[in-house]
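Asker: Below is the structure I would like to discuss, written out as structure tokens.
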Amino acid sequence: MIIKIDTSLVKGNNYKNKLNTKDNKFAQLMHLYSLAMRNVEEKVDSINRDYREIYGQDLINHVMCRIKSPEGIIKKMKRKNYELTYQNLIENINDIAGVRIICRFKANVFEVIDLIREFEDCRIIKEKDYITNPKKTGYSSYHMIVEVPVQLDETKLYAKVEIQIRTMAMDFWATLEHEIKYKSNGQISNKVSRDLVIYAKIINKIDNKLMKMHHKKYKRKIELSE
């Protein structure tokens, strides 16, 4: 079944209409973001398959996708003081569709970034490197906002997707930090905050040591095969 999408949601008269998450138009728009998210997921799966065929190992450990909930969208727009319109949602909320790419090692993260930059028909809007420059909280990851095409009948529309690329160790820390903040409604003590930063630094050191260990093992394997 082909789901028809009202393209006037992203241009034309309905563009500046007040946002209504119970409206069928909103559901259509979320479907558009879902299609864009799948587009990115398929591209990422493709580069991992190609890498496996060439090098005999995975570049990516696993991929996670999600569409932001209506409640989450409204909450973020209110926090950013945006008027609740379709225009503000489309122009200013960049993480409605999210793809998280989990790699084993830091080197893999930057390989993935380079390959994403080569995606055909993909516009890179913004990049933030929280791996080279972690947040003060200790958070470490690489963020990219991209626009990818969705073909609807004879119309090609572009939708934004947020891509996060990180190692398994970084993802472990980020998941734990999110859970701690969620359970405490975002209110955590100074001691817990300091401890989280310390643990992030420890995890970063472990990440680096594991990567060096892997490189030595891989180099040794190549030398033995020659």
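Convention: chains lettered A, B, ... in structure tokens order; per-chain residue numbering from 1; ligands numbered from 1 as shown.
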I'd like the contact shell of Asp195 (chain A) - 12 Å cut-off, only C-alpha atoms, skipping same-chain residues fewer than 5 positions apart - returned as an NGL selection string.
Answerer: :A and (137-138 or 173 or 177 or 188-190 or 200-202)
Asker: Emit the selected residues as an mmCIF file, in the first residue's frame, including C-alpha atoms.
Answerer:
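The new file part_27.cif reads:
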```cif
data_model
loop_
_atom_site.group_PDB
_atom_site.id
_atom_site.type_symbol
_atom_site.label_atom_id
_atom_site.label_comp_id
_atom_site.auth_asym_id
_atom_site.auth_seq_id
_atom_site.Cartn_x
_atom_site.Cartn_y
_atom_site.Cartn_z
ATOM 1 C CA THR A 137 29.275 16.451 31.284
ATOM 2 C CA GLY A 138 31.632 13.849 29.798
ATOM 3 C CA TRP A 173 28.243 5.706 29.292
ATOM 4 C CA GLU A 177 23.899 8.861 32.127
ATOM 5 C CA ILE A 188 21.410 15.056 39.909
ATOM 6 C CA SER A 189 23.842 16.027 42.645
ATOM 7 C CA ASN A 190 27.209 17.682 42.019
ATOM 8 C CA ALA A 200 33.695 9.167 31.008
ATOM 9 C CA LYS A 201 37.447 9.877 31.107
ATOM 10 C CA ILE A 202 38.159 6.328 32.290
#
```
Asker: Quick one: residues within 8 Å of Phe105 (chain A), only C-alpha atoms counted, chain neighbours fewer than 6 positions away excluded, as a list in words?
Answerer: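 Within the cut-off, the hits are Thr167, Met168, Asp207, Leu210 and Met211 of chain A.
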Asker: One decimal, in Å: what's the spacing between CA of Arg104 (chain A) and CA of Gln57 (chain A)?
Answerer: 11.0 Å
Asker: Got a sec to tell me which of chain A DSSP assigns to alpha helix (DSSP H), as a PyMOL selection string?
Answerer: chain A and resi 24-55+70-79+86-92+106-117+168-183+190-225
Asker: Using only C-alpha atoms for the distances, tell me which of A:Tyr199, A:Tyr158, A:Tyr82, A:Tyr139 is nearest to Asp171 (chain A).
Answerer: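 Checking each of A:Tyr199, A:Tyr158, A:Tyr82, A:Tyr139 against Asp171 (chain A), counting only C-alpha atoms, the winner is A:Tyr139.
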Asker: Quick one: pull the distance between CA of Met170 (chain A) and CA of Val44 (chain A), Å, one decimal.
Answerer: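 So the two atoms, CA of Met170 (chain A) and CA of Val44 (chain A), lie 19.4 Å apart.
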Asker: Check region 19-215 of chain A with DSSP on the backbone and list each residue it calls strand (DSSP E or B), as a PyMOL selection string.
Answerer: chain A and resi 62-67+85+97-103+123-129+142-152+155-167
Asker: Taking only C-alpha atoms into account, name the residue in A:Ile47, A:Ala36, A:Met30, A:Ala107 that is nearest to Glu162 (chain A).
Answerer: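 Distance minimum relative to Glu162 (chain A) lands on A:Ala36.
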Asker: With only C-alpha atoms as the basis for distance, which of A:Gln187, A:Cys65, A:Ala169, A:Gln28 is at the shortest distance from Ile206 (chain A)?
Answerer: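 Answer, going by the shortest atom-to-atom distance: A:Ala169.
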Asker: Name the closest residue to Asn61 (chain A) among the candidates A:Leu152, A:Ile102, A:Met144, A:Ile116; distances are taken between atoms, counting only C-alpha atoms.
Answerer: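 Using only C-alpha atoms, Asn61 (chain A) sits closest to A:Ile102.
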Asker: Considering only C-alpha atoms, can you say which of A:Glu71, A:Glu127, A:Asp58, A:Glu147 comes closest to Glu91 (chain A)?
Answerer: A:Glu147
Asker: Just the number, please: distance in Å from CA of Asp114 (chain A) to CA of Leu157 (chain A), one decimal.
Answerer: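 It comes out at 24.6 Å.
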Asker: Between A:Arg49, A:Arg166, A:Arg123, A:Lys106, which residue has the minimum interatomic distance to Met64 (chain A), considering only C-alpha atoms?
Answerer: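 Smallest separation from Met64 (chain A) among the options: A:Arg166.
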Asker: Need to verify the contact set: Ile73 (chain A), 12 Å, only C-alpha atoms, exclusion of same-chain residues closer than 5 positions in sequence. Can you return it as a list in words?
Answerer: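 Counting only C-alpha atoms, the residues come to Leu19, Asn20, Thr21, Phe26, Met30, Ile67, Lys68, Lys78, Arg79, Lys80, Tyr82, Leu84, Thr85, Tyr86, Asn88, Leu89, Ile90, Asn92, Ile93, Asn94, Asp95, Ile96 and Ala97 of chain A.
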Asker: Those selected residues, please, written with C-alpha atoms and delivered as an mmCIF file, in the first residue's frame.
Answerer:
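The resulting file, result_5.cif, is shown below:
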```cif
data_model
loop_
_atom_site.group_PDB
_atom_site.id
_atom_site.type_symbol
_atom_site.label_atom_id
_atom_site.label_comp_id
_atom_site.auth_asym_id
_atom_site.auth_seq_id
_atom_site.Cartn_x
_atom_site.Cartn_y
_atom_site.Cartn_z
ATOM 1 C CA LEU A 19 0.852 22.166 14.758
ATOM 2 C CA ASN A 20 -1.685 19.521 15.762
ATOM 3 C CA THR A 21 -0.178 16.167 16.770
ATOM 4 C CA PHE A 26 1.002 15.311 11.464
ATOM 5 C CA MET A 30 6.076 11.689 10.726
ATOM 6 C CA ILE A 67 11.286 8.749 15.564
ATOM 7 C CA LYS A 68 10.819 11.396 18.266
ATOM 8 C CA LYS A 78 8.288 24.852 23.996
ATOM 9 C CA ARG A 79 11.725 24.665 25.637
ATOM 10 C CA LYS A 80 13.211 26.456 22.625
ATOM 11 C CA TYR A 82 9.206 28.126 19.144
ATOM 12 C CA LEU A 84 3.914 25.469 17.550
ATOM 13 C CA THR A 85 3.675 25.521 13.756
ATOM 14 C CA TYR A 86 4.634 23.041 11.064
ATOM 15 C CA ASN A 88 9.026 25.761 13.059
ATOM 16 C CA LEU A 89 8.960 22.000 13.440
ATOM 17 C CA ILE A 90 10.418 21.399 9.968
ATOM 18 C CA ASN A 92 14.150 24.137 13.633
ATOM 19 C CA ILE A 93 13.726 20.640 15.080
ATOM 20 C CA ASN A 94 16.543 18.581 13.587
ATOM 21 C CA ASP A 95 16.321 15.350 15.588
ATOM 22 C CA ILE A 96 12.804 14.104 14.800
ATOM 23 C CA ALA A 97 14.335 11.187 12.888
#
```
